[in-house]
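The next block is start28.pdb, given as PDB, C-alpha atoms.
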```pdb
ATOM      1  CA  MET A   1      99.281  84.466  89.295  1.00  0.00           C
ATOM      2  CA  PRO A   2      97.407  82.247  86.823  1.00  0.00           C
ATOM      3  CA  ASP A   3      95.556  83.797  83.911  1.00  0.00           C
ATOM      4  CA  PRO A   4      91.883  84.131  85.015  1.00  0.00           C
ATOM      5  CA  SER A   5      90.766  83.476  81.426  1.00  0.00           C
ATOM      6  CA  GLN A   6      92.149  79.926  81.613  1.00  0.00           C
ATOM      7  CA  ASP A   7      89.845  77.096  82.679  1.00  0.00           C
ATOM      8  CA  ALA A   8      90.590  76.547  86.381  1.00  0.00           C
ATOM      9  CA  THR A   9      88.691  73.262  86.541  1.00  0.00           C
ATOM     10  CA  THR A  10      91.106  70.892  84.827  1.00  0.00           C
ATOM     11  CA  PRO A  11      90.960  67.326  86.155  1.00  0.00           C
ATOM     12  CA  GLU A  12      94.452  67.692  87.630  1.00  0.00           C
ATOM     13  CA  LEU A  13      93.532  70.898  89.434  1.00  0.00           C
ATOM     14  CA  LEU A  14      90.310  69.391  90.760  1.00  0.00           C
ATOM     15  CA  ARG A  15      92.187  66.304  91.989  1.00  0.00           C
ATOM     16  CA  THR A  16      94.712  68.498  93.821  1.00  0.00           C
ATOM     17  CA  ALA A  17      91.943  70.630  95.311  1.00  0.00           C
ATOM     18  CA  ASP A  18      90.110  67.498  96.470  1.00  0.00           C
ATOM     19  CA  ARG A  19      93.243  66.070  98.092  1.00  0.00           C
ATOM     20  CA  LEU A  20      94.040  69.355  99.835  1.00  0.00           C
ATOM     21  CA  HIS A  21      90.465  69.698 101.047  1.00  0.00           C
ATOM     22  CA  SER A  22      90.471  66.200 102.501  1.00  0.00           C
ATOM     23  CA  ALA A  23      93.928  66.599 104.057  1.00  0.00           C
ATOM     24  CA  ALA A  24      92.999  69.948 105.622  1.00  0.00           C
ATOM     25  CA  LEU A  25      89.857  68.492 107.215  1.00  0.00           C
ATOM     26  CA  HIS A  26      91.685  65.456 108.557  1.00  0.00           C
ATOM     27  CA  LEU A  27      94.568  67.576 109.835  1.00  0.00           C
ATOM     28  CA  LEU A  28      92.240  69.955 111.658  1.00  0.00           C
ATOM     29  CA  ARG A  29      90.293  67.095 113.253  1.00  0.00           C
ATOM     30  CA  TRP A  30      93.534  65.425 114.295  1.00  0.00           C
ATOM     31  CA  VAL A  31      94.992  68.493 116.021  1.00  0.00           C
ATOM     32  CA  ARG A  32      91.614  69.443 117.517  1.00  0.00           C
ATOM     33  CA  ALA A  33      91.653  66.198 119.487  1.00  0.00           C
ATOM     34  CA  VAL A  34      93.750  67.981 122.117  1.00  0.00           C
ATOM     35  CA  ASP A  35      91.149  70.760 122.512  1.00  0.00           C
ATOM     36  CA  THR A  36      89.279  68.837 125.207  1.00  0.00           C
ATOM     37  CA  ALA A  37      92.074  69.844 127.595  1.00  0.00           C
ATOM     38  CA  SER A  38      90.791  73.437 127.429  1.00  0.00           C
ATOM     39  CA  GLY A  39      87.484  72.504 129.033  1.00  0.00           C
ATOM     40  CA  LEU A  40      85.560  74.496 126.405  1.00  0.00           C
ATOM     41  CA  SER A  41      83.302  73.352 123.597  1.00  0.00           C
ATOM     42  CA  ALA A  42      84.428  73.828 119.995  1.00  0.00           C
ATOM     43  CA  PRO A  43      81.968  76.726 119.423  1.00  0.00           C
ATOM     44  CA  ARG A  44      83.196  78.559 122.534  1.00  0.00           C
ATOM     45  CA  LEU A  45      86.818  78.053 121.520  1.00  0.00           C
ATOM     46  CA  SER A  46      86.029  79.345 118.056  1.00  0.00           C
ATOM     47  CA  VAL A  47      84.411  82.547 119.375  1.00  0.00           C
ATOM     48  CA  LEU A  48      87.291  83.082 121.770  1.00  0.00           C
ATOM     49  CA  SER A  49      89.736  82.572 118.907  1.00  0.00           C
ATOM     50  CA  VAL A  50      88.054  85.276 116.823  1.00  0.00           C
ATOM     51  CA  LEU A  51      88.389  87.690 119.746  1.00  0.00           C
ATOM     52  CA  VAL A  52      91.968  86.783 120.659  1.00  0.00           C
ATOM     53  CA  PHE A  53      93.362  86.849 117.131  1.00  0.00           C
ATOM     54  CA  GLY A  54      90.980  89.344 115.538  1.00  0.00           C
ATOM     55  CA  GLY A  55      90.363  91.787 118.362  1.00  0.00           C
ATOM     56  CA  PRO A  56      87.159  93.052 119.969  1.00  0.00           C
ATOM     57  CA  ARG A  57      83.902  92.542 118.073  1.00  0.00           C
ATOM     58  CA  THR A  58      80.237  93.328 118.456  1.00  0.00           C
ATOM     59  CA  VAL A  59      77.753  90.470 118.755  1.00  0.00           C
ATOM     60  CA  GLY A  60      76.754  91.059 115.135  1.00  0.00           C
ATOM     61  CA  GLU A  61      80.358  90.957 113.947  1.00  0.00           C
ATOM     62  CA  LEU A  62      80.964  87.753 115.897  1.00  0.00           C
ATOM     63  CA  ALA A  63      77.826  86.188 114.439  1.00  0.00           C
ATOM     64  CA  ALA A  64      79.006  87.057 110.928  1.00  0.00           C
ATOM     65  CA  ALA A  65      82.520  85.740 111.594  1.00  0.00           C
ATOM     66  CA  GLU A  66      81.160  82.475 112.992  1.00  0.00           C
ATOM     67  CA  GLN A  67      78.368  82.253 110.400  1.00  0.00           C
ATOM     68  CA  VAL A  68      75.649  81.847 113.020  1.00  0.00           C
ATOM     69  CA  ARG A  69      72.690  83.910 114.171  1.00  0.00           C
ATOM     70  CA  PRO A  70      73.106  86.632 116.829  1.00  0.00           C
ATOM     71  CA  PRO A  71      71.092  84.707 119.485  1.00  0.00           C
ATOM     72  CA  THR A  72      73.557  81.823 119.196  1.00  0.00           C
ATOM     73  CA  ILE A  73      76.522  84.155 119.652  1.00  0.00           C
ATOM     74  CA  THR A  74      74.792  85.864 122.570  1.00  0.00           C
ATOM     75  CA  ARG A  75      74.504  82.515 124.387  1.00  0.00           C
ATOM     76  CA  LEU A  76      78.130  81.648 123.653  1.00  0.00           C
ATOM     77  CA  VAL A  77      79.346  85.075 124.814  1.00  0.00           C
ATOM     78  CA  GLN A  78      77.296  84.820 128.016  1.00  0.00           C
ATOM     79  CA  ALA A  79      78.868  81.436 128.780  1.00  0.00           C
ATOM     80  CA  LEU A  80      82.357  82.814 128.113  1.00  0.00           C
ATOM     81  CA  GLU A  81      81.583  85.816 130.348  1.00  0.00           C
ATOM     82  CA  ARG A  82      80.515  83.525 133.200  1.00  0.00           C
ATOM     83  CA  GLU A  83      83.864  81.757 132.878  1.00  0.00           C
ATOM     84  CA  GLY A  84      85.762  85.068 132.931  1.00  0.00           C
ATOM     85  CA  LEU A  85      87.138  84.569 129.432  1.00  0.00           C
ATOM     86  CA  VAL A  86      85.510  87.593 127.774  1.00  0.00           C
ATOM     87  CA  ARG A  87      84.118  90.938 128.874  1.00  0.00           C
ATOM     88  CA  ARG A  88      81.897  93.591 127.328  1.00  0.00           C
ATOM     89  CA  THR A  89      82.721  97.259 127.040  1.00  0.00           C
ATOM     90  CA  GLY A  90      80.853 100.196 125.600  1.00  0.00           C
ATOM     91  CA  ASP A  91      82.048 101.636 122.311  1.00  0.00           C
ATOM     92  CA  ARG A  92      83.950 104.903 122.775  1.00  0.00           C
ATOM     93  CA  ARG A  93      82.119 106.608 119.910  1.00  0.00           C
ATOM     94  CA  ASP A  94      78.649 105.124 120.363  1.00  0.00           C
ATOM     95  CA  GLY A  95      77.621 104.080 123.871  1.00  0.00           C
ATOM     96  CA  ARG A  96      74.779 101.950 122.487  1.00  0.00           C
ATOM     97  CA  ILE A  97      77.289  99.549 120.976  1.00  0.00           C
ATOM     98  CA  GLN A  98      78.970  96.918 123.112  1.00  0.00           C
ATOM     99  CA  ARG A  99      82.212  95.268 122.105  1.00  0.00           C
ATOM    100  CA  ILE A 100      83.245  91.859 123.320  1.00  0.00           C
ATOM    101  CA  HIS A 101      86.904  91.522 124.356  1.00  0.00           C
ATOM    102  CA  ALA A 102      88.952  88.493 125.357  1.00  0.00           C
ATOM    103  CA  THR A 103      90.236  88.774 128.915  1.00  0.00           C
ATOM    104  CA  ALA A 104      93.817  87.961 129.878  1.00  0.00           C
ATOM    105  CA  ARG A 105      92.527  84.622 131.172  1.00  0.00           C
ATOM    106  CA  GLY A 106      90.803  83.975 127.840  1.00  0.00           C
ATOM    107  CA  ARG A 107      93.945  84.818 125.874  1.00  0.00           C
ATOM    108  CA  THR A 108      96.046  82.559 128.101  1.00  0.00           C
ATOM    109  CA  LEU A 109      93.605  79.665 127.745  1.00  0.00           C
ATOM    110  CA  LEU A 110      93.476  80.022 123.973  1.00  0.00           C
ATOM    111  CA  GLN A 111      97.246  80.381 123.588  1.00  0.00           C
ATOM    112  CA  ALA A 112      97.757  77.230 125.669  1.00  0.00           C
ATOM    113  CA  GLY A 113      95.332  75.382 123.401  1.00  0.00           C
ATOM    114  CA  ARG A 114      97.094  76.630 120.295  1.00  0.00           C
ATOM    115  CA  GLN A 115     100.409  75.443 121.731  1.00  0.00           C
ATOM    116  CA  ARG A 116      98.936  71.978 122.403  1.00  0.00           C
ATOM    117  CA  ARG A 117      97.814  71.795 118.755  1.00  0.00           C
ATOM    118  CA  ILE A 118     101.212  72.944 117.488  1.00  0.00           C
ATOM    119  CA  ASP A 119     102.982  70.447 119.745  1.00  0.00           C
ATOM    120  CA  ARG A 120     100.781  67.633 118.448  1.00  0.00           C
ATOM    121  CA  LEU A 121     101.455  68.623 114.864  1.00  0.00           C
ATOM    122  CA  ALA A 122     105.197  68.950 115.495  1.00  0.00           C
ATOM    123  CA  SER A 123     105.266  65.452 116.993  1.00  0.00           C
ATOM    124  CA  GLY A 124     103.670  64.120 113.817  1.00  0.00           C
ATOM    125  CA  LEU A 125     106.092  66.042 111.609  1.00  0.00           C
ATOM    126  CA  GLU A 126     109.019  64.447 113.456  1.00  0.00           C
ATOM    127  CA  ARG A 127     108.181  61.182 111.665  1.00  0.00           C
ATOM    128  CA  LEU A 128     108.940  62.794 108.292  1.00  0.00           C
ATOM    129  CA  SER A 129     112.316  63.287 106.699  1.00  0.00           C
ATOM    130  CA  PRO A 130     113.897  66.756 106.628  1.00  0.00           C
ATOM    131  CA  ASP A 131     113.135  66.955 102.880  1.00  0.00           C
ATOM    132  CA  GLU A 132     109.482  66.078 103.466  1.00  0.00           C
ATOM    133  CA  ARG A 133     109.225  68.681 106.220  1.00  0.00           C
ATOM    134  CA  ALA A 134     110.724  71.272 103.852  1.00  0.00           C
ATOM    135  CA  VAL A 135     108.059  70.434 101.270  1.00  0.00           C
ATOM    136  CA  LEU A 136     105.324  70.942 103.866  1.00  0.00           C
ATOM    137  CA  ASP A 137     106.889  74.195 105.023  1.00  0.00           C
ATOM    138  CA  ARG A 138     106.802  75.497 101.459  1.00  0.00           C
ATOM    139  CA  ALA A 139     103.254  74.182 100.997  1.00  0.00           C
ATOM    140  CA  ALA A 140     102.143  76.112 104.092  1.00  0.00           C
ATOM    141  CA  VAL A 141     103.484  79.318 102.533  1.00  0.00           C
ATOM    142  CA  LEU A 142     101.721  78.583  99.250  1.00  0.00           C
ATOM    143  CA  LEU A 143      98.423  77.711 100.941  1.00  0.00           C
ATOM    144  CA  THR A 144      98.555  80.983 102.832  1.00  0.00           C
ATOM    145  CA  ARG A 145      98.962  82.792  99.517  1.00  0.00           C
ATOM    146  CA  VAL A 146      95.960  80.928  98.081  1.00  0.00           C
ATOM    147  CA  VAL A 147      93.781  81.842 101.056  1.00  0.00           C
ATOM    148  CA  ARG A 148      94.855  85.493 100.910  1.00  0.00           C
ATOM    149  CA  GLY A 149      94.269  85.644  97.162  1.00  0.00           C
ATOM    150  CA  GLU A 150      97.889  86.531  96.411  1.00  0.00           C
TER
END
```

Please, can you express the file's structure as structure tokens?
Amino acid sequence: MPDPSQDATTPELLRTADRLHSAALHLLRWVRAVDTASGLSAPRLSVLSVLVFGGPRTVGELAAAEQVRPPTITRLVQALEREGLVRRTGDRRDGRIQRIHATARGRTLLQAGRQRRIDRLASGLERLSPDERAVLDRAAVLLTRVVRGE
């Protein structure tokens, strides 16, 4: 772990951060191109993803996770409910609280979308040499550590 007392804004570090930021945005846009096959909008897919990978949430928790206001989440949840992708249940400890859960259909739809993204990315990686793929594999591990604050 770097020494926090050191200046973290060296030109080299800023250049690397800028390149990673740009690459991450372009990569996400590129793999998201296959999301249209799901039939859902990006905001609906995002809410469903929070529920599938993060577990049941209240409307307030979803709003915080998605960085939107509760009325926006309410509309998205209602649309996902109509499509049978999520359901609401009462909280076991406090009946006033409702938790939103992904249904089996919602999980299946999201997993299929994730697989389409992975397949698209894998097809792009095939164009790289084994050494280049090894570098990216290691970079993925390091980026995960950065995000987790390790």

Quiz prompt | Evaluate the PyMOL selection byres ((chain A and resi 38) around 9) and report residues as a list in words | solution =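 Output of the PyMOL selection byres ((chain A and resi 38) around 9): Val34, Asp35, Thr36, Ala37, Gly39, Leu40, Ser41, Leu45, Leu109, Leu110, Ala112 and Gly113 of chain A.
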
Exercise. One decimal, Å: what's the distance from CA of Trp30 (chain A) over to CA of Leu14 (chain A), could you say?
Key: 24.1 Å

Quiz prompt | Output check: residues returned by the PyMOL selection byres ((chain A and resi 91-99) around 8), as a PyMOL selection string | solution = chain A and resi 56-59+88-90+100-101

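You will find CA of Arg105 (chain A) at 8.3 Å from CA of Val86 (chain A).
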
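Excluding Val31 (chain A) itself and any same-chain residue fewer than 6 positions from it, the protein and nucleic acid residues within 10 Å of it, counting only C-alpha atoms, are Arg114, Arg116, Arg117, Ile118, Asp119, Arg120, Leu121 and Gly124 of chain A.
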
Exercise. Fewer than 4 positions away in the same chain doesn't count, so skip those; otherwise give me all residues within 10 Å of Phe53 (chain A), counting all atoms listed in the file, as a VMD selection string.
Key: chain A and resid 48 to 49 102 107 110 to 111

Quiz item: If we count only C-alpha atoms, what is near Arg69 (chain A) at a cut-off of 10 Å, once residues fewer than 6 positions away on the same chain are taken out, given as a ChimeraX atom specification?
Solution: /A:59-60,62-63

Self-check item: Best match for closeness to Gly106 (chain A) among A:Gly84, A:Gly55, A:Gly149, A:Pro70, counting all atoms listed in the file
Solution: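 Checking each of A:Gly84, A:Gly55, A:Gly149, A:Pro70 against Gly106 (chain A), counting all atoms listed in the file, the winner is A:Gly84.
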
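Here CA of Leu136 (chain A) is placed at a distance of 23.8 Å from CA of Thr10 (chain A).
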
As lines of an AutoDock Vina configuration file, please: the centre and edge lengths in Å, to one decimal, of an axis-aligned box enclosing every listed atom of region 38-51 of chain A with 3 Å added on each side.
```
center_x = 86.4
center_y = 80.1
center_z = 122.9
size_x = 14.8
size_y = 21.2
size_z = 18.2
```

Exercise. Identify which of the residues A:Leu125, A:Val77, A:Asp131, A:Leu13 lies closest to Leu27 (chain A), counting only C-alpha atoms when measuring atom-to-atom distances.
Key: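 Under the stated criterion, the closest residue is A:Leu125.
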